[in-house]
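Shown here: upload_9.txt, compact mmCIF, C-alpha atoms.
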```txt
# COMPACT_ATOMS: atom_id res chain seq x y z
CA MET A 9 -22.53 48.49 130.18
CA ARG A 10 -20.85 46.56 132.97
CA THR A 11 -17.39 45.64 134.19
CA ARG A 12 -16.53 42.41 135.95
CA VAL A 13 -13.85 41.18 138.35
CA ALA A 14 -10.80 39.63 136.72
CA GLY A 15 -7.60 38.91 138.62
CA GLY A 16 -8.48 41.16 141.55
CA ARG A 17 -9.08 44.28 139.47
CA LEU A 18 -12.27 45.22 137.74
CA THR A 19 -11.41 45.26 134.06
CA VAL A 20 -13.33 47.39 131.63
CA VAL A 21 -14.94 46.11 128.46
CA ALA A 22 -13.21 46.88 125.17
CA ALA A 23 -15.14 50.11 124.81
CA LEU A 24 -12.86 51.75 127.37
CA SER A 25 -9.84 51.23 125.15
CA ALA A 26 -11.64 52.92 122.30
CA VAL A 27 -12.61 55.86 124.49
CA LEU A 28 -9.08 56.26 125.80
CA LEU A 29 -7.64 56.15 122.30
CA ALA A 30 -10.12 58.78 121.20
CA ALA A 31 -9.26 60.90 124.19
CA CYS A 32 -5.51 60.68 123.71
CA GLY A 33 -5.52 61.05 119.94
CA SER A 34 -5.80 64.14 117.83
CA PRO A 35 -8.20 66.65 119.38
CA THR A 36 -11.51 67.17 117.67
CA THR A 37 -13.42 70.41 117.43
CA GLY A 38 -17.17 70.53 117.92
CA SER A 39 -19.62 73.24 117.00
CA SER A 40 -18.92 74.79 120.39
CA GLY A 41 -15.30 75.33 119.41
CA GLY A 42 -14.01 73.21 122.29
CA PRO A 43 -11.27 70.78 121.27
CA GLY A 44 -10.79 67.26 122.53
CA TYR A 45 -14.00 66.50 124.40
CA ILE A 46 -15.55 63.02 124.47
CA THR A 47 -19.08 62.71 123.15
CA GLY A 48 -21.68 60.28 124.40
CA GLU A 49 -22.03 58.50 127.71
CA GLY A 50 -18.94 57.58 129.67
CA VAL A 51 -17.29 54.28 130.47
CA VAL A 52 -16.95 53.38 134.13
CA GLU A 53 -14.12 51.55 135.90
CA GLN A 54 -14.13 50.45 139.52
CA ILE A 55 -10.86 49.43 141.17
CA ALA A 56 -10.52 46.66 143.74
CA VAL A 57 -9.41 47.87 147.17
CA ALA A 58 -6.05 46.09 146.96
CA ASP A 59 -5.25 47.72 143.61
CA ARG A 60 -6.12 51.33 144.40
CA GLU A 61 -3.46 54.03 144.13
CA PRO A 62 -3.27 57.16 146.28
CA LEU A 63 -4.51 60.43 144.88
CA PRO A 64 -1.70 62.99 144.56
CA ARG A 65 -2.17 66.09 146.66
CA LEU A 66 -3.98 68.84 144.78
CA ARG A 67 -3.78 72.43 145.98
CA ALA A 68 -4.85 75.33 143.80
CA ALA A 69 -6.91 78.51 143.51
CA THR A 70 -10.63 78.16 142.82
CA LEU A 71 -13.09 80.16 140.74
CA ASP A 72 -14.62 81.73 143.84
CA GLY A 73 -11.27 83.23 144.85
CA SER A 74 -10.43 80.76 147.60
CA GLU A 75 -8.13 77.73 147.61
CA PHE A 76 -8.85 74.02 147.49
CA ASP A 77 -6.46 71.57 149.15
CA THR A 78 -7.15 67.83 149.17
CA ALA A 79 -5.12 67.57 152.39
CA GLU A 80 -7.91 69.46 154.16
CA HIS A 81 -10.37 66.71 153.23
CA ASP A 82 -8.59 63.66 154.63
CA GLY A 83 -11.17 61.06 155.58
CA SER A 84 -13.71 62.37 153.10
CA VAL A 85 -14.88 60.80 149.87
CA LEU A 86 -13.72 63.04 147.02
CA VAL A 87 -15.31 63.39 143.59
CA ILE A 88 -13.08 65.17 141.07
CA ASN A 89 -14.68 66.25 137.80
CA VAL A 90 -12.77 67.59 134.78
CA TRP A 91 -14.94 69.98 132.78
CA GLY A 92 -15.17 73.03 130.55
CA SER A 93 -18.05 75.39 129.86
CA TRP A 94 -17.49 74.87 126.10
CA CYS A 95 -18.04 71.08 126.40
CA PRO A 96 -21.53 69.72 125.48
CA PRO A 97 -21.17 66.48 127.53
CA CYS A 98 -20.13 68.63 130.51
CA ARG A 99 -23.35 70.58 130.18
CA ALA A 100 -25.32 67.34 129.91
CA GLU A 101 -23.84 65.84 133.07
CA ALA A 102 -23.93 68.99 135.24
CA PRO A 103 -27.45 68.49 136.67
CA GLY A 104 -26.59 64.94 137.73
CA LEU A 105 -23.35 66.06 139.36
CA ARG A 106 -25.20 68.76 141.27
CA ARG A 107 -27.82 66.27 142.43
CA VAL A 108 -25.26 63.76 143.76
CA TRP A 109 -23.37 66.58 145.50
CA GLU A 110 -26.49 67.88 147.18
CA GLU A 111 -27.58 64.39 148.26
CA THR A 112 -24.24 63.21 149.67
CA ARG A 113 -22.35 66.23 151.01
CA ALA A 114 -23.81 65.72 154.48
CA GLU A 115 -22.35 62.19 154.45
CA GLY A 116 -18.80 63.48 154.07
CA VAL A 117 -18.54 63.68 150.29
CA GLN A 118 -16.61 66.61 148.81
CA PHE A 119 -16.78 67.54 145.13
CA VAL A 120 -14.21 69.62 143.27
CA GLY A 121 -14.04 70.53 139.60
CA LEU A 122 -11.02 71.08 137.36
CA ASN A 123 -11.97 73.73 134.82
CA VAL A 124 -9.93 73.38 131.62
CA ARG A 125 -9.37 75.33 128.37
CA ASP A 126 -11.75 78.02 129.53
CA THR A 127 -11.96 81.52 130.93
CA ASP A 128 -12.94 82.25 134.51
CA ASP A 129 -15.86 84.39 133.36
CA ALA A 130 -17.28 81.61 131.19
CA ALA A 131 -16.72 79.04 133.91
CA ILE A 132 -18.41 81.15 136.59
CA ALA A 133 -21.37 81.73 134.28
CA PHE A 134 -21.61 77.97 133.75
CA GLU A 135 -21.63 77.37 137.51
CA ARG A 136 -24.40 79.91 137.98
CA ARG A 137 -26.47 78.47 135.14
CA TYR A 138 -26.32 74.92 136.53
CA ARG A 139 -26.32 76.01 140.19
CA LEU A 140 -23.05 74.26 141.01
CA THR A 141 -21.97 75.24 144.51
CA TYR A 142 -18.92 73.02 144.95
CA PRO A 143 -15.51 74.59 144.19
CA SER A 144 -13.66 74.33 140.88
CA ILE A 145 -9.96 74.91 140.29
CA THR A 146 -9.28 77.70 137.81
CA THR A 147 -8.14 77.09 134.26
CA GLU A 148 -4.86 78.84 135.05
CA GLN A 149 -3.99 76.24 137.69
CA SER A 150 -5.90 73.18 136.45
CA GLY A 151 -3.07 72.23 134.10
CA GLU A 152 -0.79 71.45 137.02
CA ALA A 153 -3.54 69.42 138.67
CA LEU A 154 -4.12 67.42 135.49
CA LEU A 155 -0.40 66.78 135.26
CA ALA A 156 -0.48 65.34 138.77
CA LEU A 157 -3.34 63.07 137.69
CA ARG A 158 -1.73 61.97 134.43
CA ALA A 159 -1.40 58.34 135.59
CA MET A 160 -5.12 58.22 136.35
CA LEU A 161 -6.74 60.30 133.60
CA PRO A 162 -5.81 60.85 129.94
CA PRO A 163 -5.22 64.57 129.35
CA ASN A 164 -7.94 64.98 126.72
CA ALA A 165 -10.62 63.06 128.62
CA ILE A 166 -13.13 65.87 129.02
CA PRO A 167 -15.35 65.32 130.84
CA SER A 168 -13.99 62.74 133.23
CA THR A 169 -14.56 61.97 136.89
CA LEU A 170 -12.60 60.30 139.69
CA VAL A 171 -14.08 58.93 142.91
CA VAL A 172 -11.60 58.77 145.79
CA ASP A 173 -12.25 56.70 148.92
CA ARG A 174 -11.83 57.81 152.55
CA ASP A 175 -8.26 56.50 152.58
CA GLY A 176 -7.33 58.87 149.77
CA ASP A 177 -7.11 56.16 147.11
CA VAL A 178 -8.74 56.28 143.67
CA ALA A 179 -11.66 53.86 143.76
CA ALA A 180 -13.37 54.54 140.43
CA ARG A 181 -13.29 56.68 137.33
CA VAL A 182 -15.64 57.62 134.52
CA ILE A 183 -14.12 58.56 131.18
CA GLY A 184 -16.71 60.64 129.38
CA GLN A 185 -20.11 61.81 130.56
CA ALA A 186 -21.23 60.55 133.99
CA THR A 187 -24.95 60.05 134.55
CA TYR A 188 -26.62 60.64 137.89
CA ARG A 189 -27.36 56.95 138.40
CA THR A 190 -23.80 55.85 137.70
CA LEU A 191 -22.13 58.49 139.84
CA ARG A 192 -24.52 58.01 142.75
CA ALA A 193 -23.88 54.25 142.69
CA LEU A 194 -20.10 54.75 142.62
CA VAL A 195 -20.22 57.17 145.54
CA ASP A 196 -22.54 54.93 147.54
CA ASP A 197 -20.21 52.00 146.92
CA VAL A 198 -17.31 53.93 148.45
CA LEU A 199 -19.37 55.27 151.33
CA GLU A 200 -20.36 51.77 152.38
CA PRO A 201 -17.59 49.45 151.13
CA THR A 202 -17.45 45.73 151.78
CA PRO A 203 -13.92 45.13 153.19
CA GLY A 204 -11.67 43.18 150.85
CA SER A 205 -14.30 42.75 148.16
CA SER A 206 -15.05 44.22 144.75
CA LYS A 207 -18.50 44.93 143.39
CA GLU A 208 -19.81 44.84 139.90
CA ALA A 209 -19.83 48.34 138.47
CA PRO A 210 -23.23 49.90 137.84
CA ASP A 211 -24.67 50.34 134.38
CA VAL A 212 -23.57 53.41 132.51
CA GLY A 213 -26.38 55.24 130.80
CA GLY A 214 -30.09 54.71 130.85
CA ASP A 215 -30.78 58.14 132.29
CA ALA A 216 -30.03 61.70 131.32
CA GLY A 217 -28.92 62.82 134.76
```
Write-out of the structure in structure tokens:
Amino acid sequence: MRTRVAGGRLTVVAALSAVLLAACGSPTTGSSGGPGYITGEGVVEQIAVADREPLPRLRAATLDGSEFDTAEHDGSVLVINVWGSWCPPCRAEAPGLRRVWEETRAEGVQFVGLNVRDTDDAAIAFERRYRLTYPSITTEQSGEALLALRAMLPPNAIPSTLVVDRDGDVAARVIGQATYRTLRALVDDVLEPTPGSSKEAPDVGGDAG
């Protein structure tokens, strides 16, 4: 699946509208008991440099007992992932997220998760199972963070991922499950941007992470 430049902003194929409607509609409940998650592979949107909006400041407690503050990562590329341990697509994408984090952190990329509709114990167990070493904001405080991101992510889009450029502007988002190939391409695109230009978004899917 691809997006193409139209009027300066990369517009997403009609599938994105369907995903957003599904995300914002009545929550569903899967066999895991988690309401409102999006099944299947995600839909990707890249945003032209001129059309990017600044990420609101996020500051909250994390599952490891520390605090995450986006202001402390000015000049870094940020990847923000909304997830829950109860969410099957979150489990499916976790290995790919870990791989991109491990491959790019030395290049100035910082990951942070927003853990939602969960318990800290379940979330910490999830992190241990999938060997996720980047911080995640606790369920107790993730609601406020999601509220700050309401113009950028629908509230029921779980999982979803934002990629933020070094200027602190949102450069791309994935609504639904992000594969390794897609996320790595989005991060690479922001790490080495072509000034004033927009690139075709990478394919979504084709790998399992």
Val198 in chain A: which residues within 12 Å, counting only C-alpha atoms, same-chain residues fewer than 2 positions away excluded, as a ChimeraX atom specification? /A:54-57,83-87,112,115-117,170-180,191-196,200-203,205-207,209
Excluding range 137-141 of chain A and any residue of its chain fewer than 2 positions from it, enumerate the residues within 10 Å of it, using only C-alpha atoms, and give them as JSON, numbers by chain. {"A": [72, 99, 102, 103, 105, 106, 107, 109, 110, 119, 120, 121, 131, 132, 133, 134, 135, 143, 144]}
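Between CA of Ser168 in chain A and CA of Gln118 in chain A lies a distance of 16.3 Å.
Using all atoms listed in the file, the nearest neighbour of Gly151 in chain A within the list A:Ala114, A:Ala69, A:Tyr188, A:Glu75 is A:Ala69.
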Which of these residues is nearest to Arg136 in chain A, using all atoms listed in the file: A:Leu155, A:Leu66, A:Leu71, A:Val182? A:Leu71
Using only C-alpha atoms, can you tell me which of A:Thr70, A:Gly104, A:Ile183, A:Val51 comes closest to Asn164 in chain A? A:Ile183
Could you work out an axis-aligned box for range 73-78 of chain A, taking every atom the file lists and adding 6 Å on each side, and report centre and edge lengths in Å to one decimal, as AutoDock Vina command-line options?
```
--center_x -8.9 --center_y 75.5 --center_z 147.0 --size_x 16.8 --size_y 27.4 --size_z 16.3
```
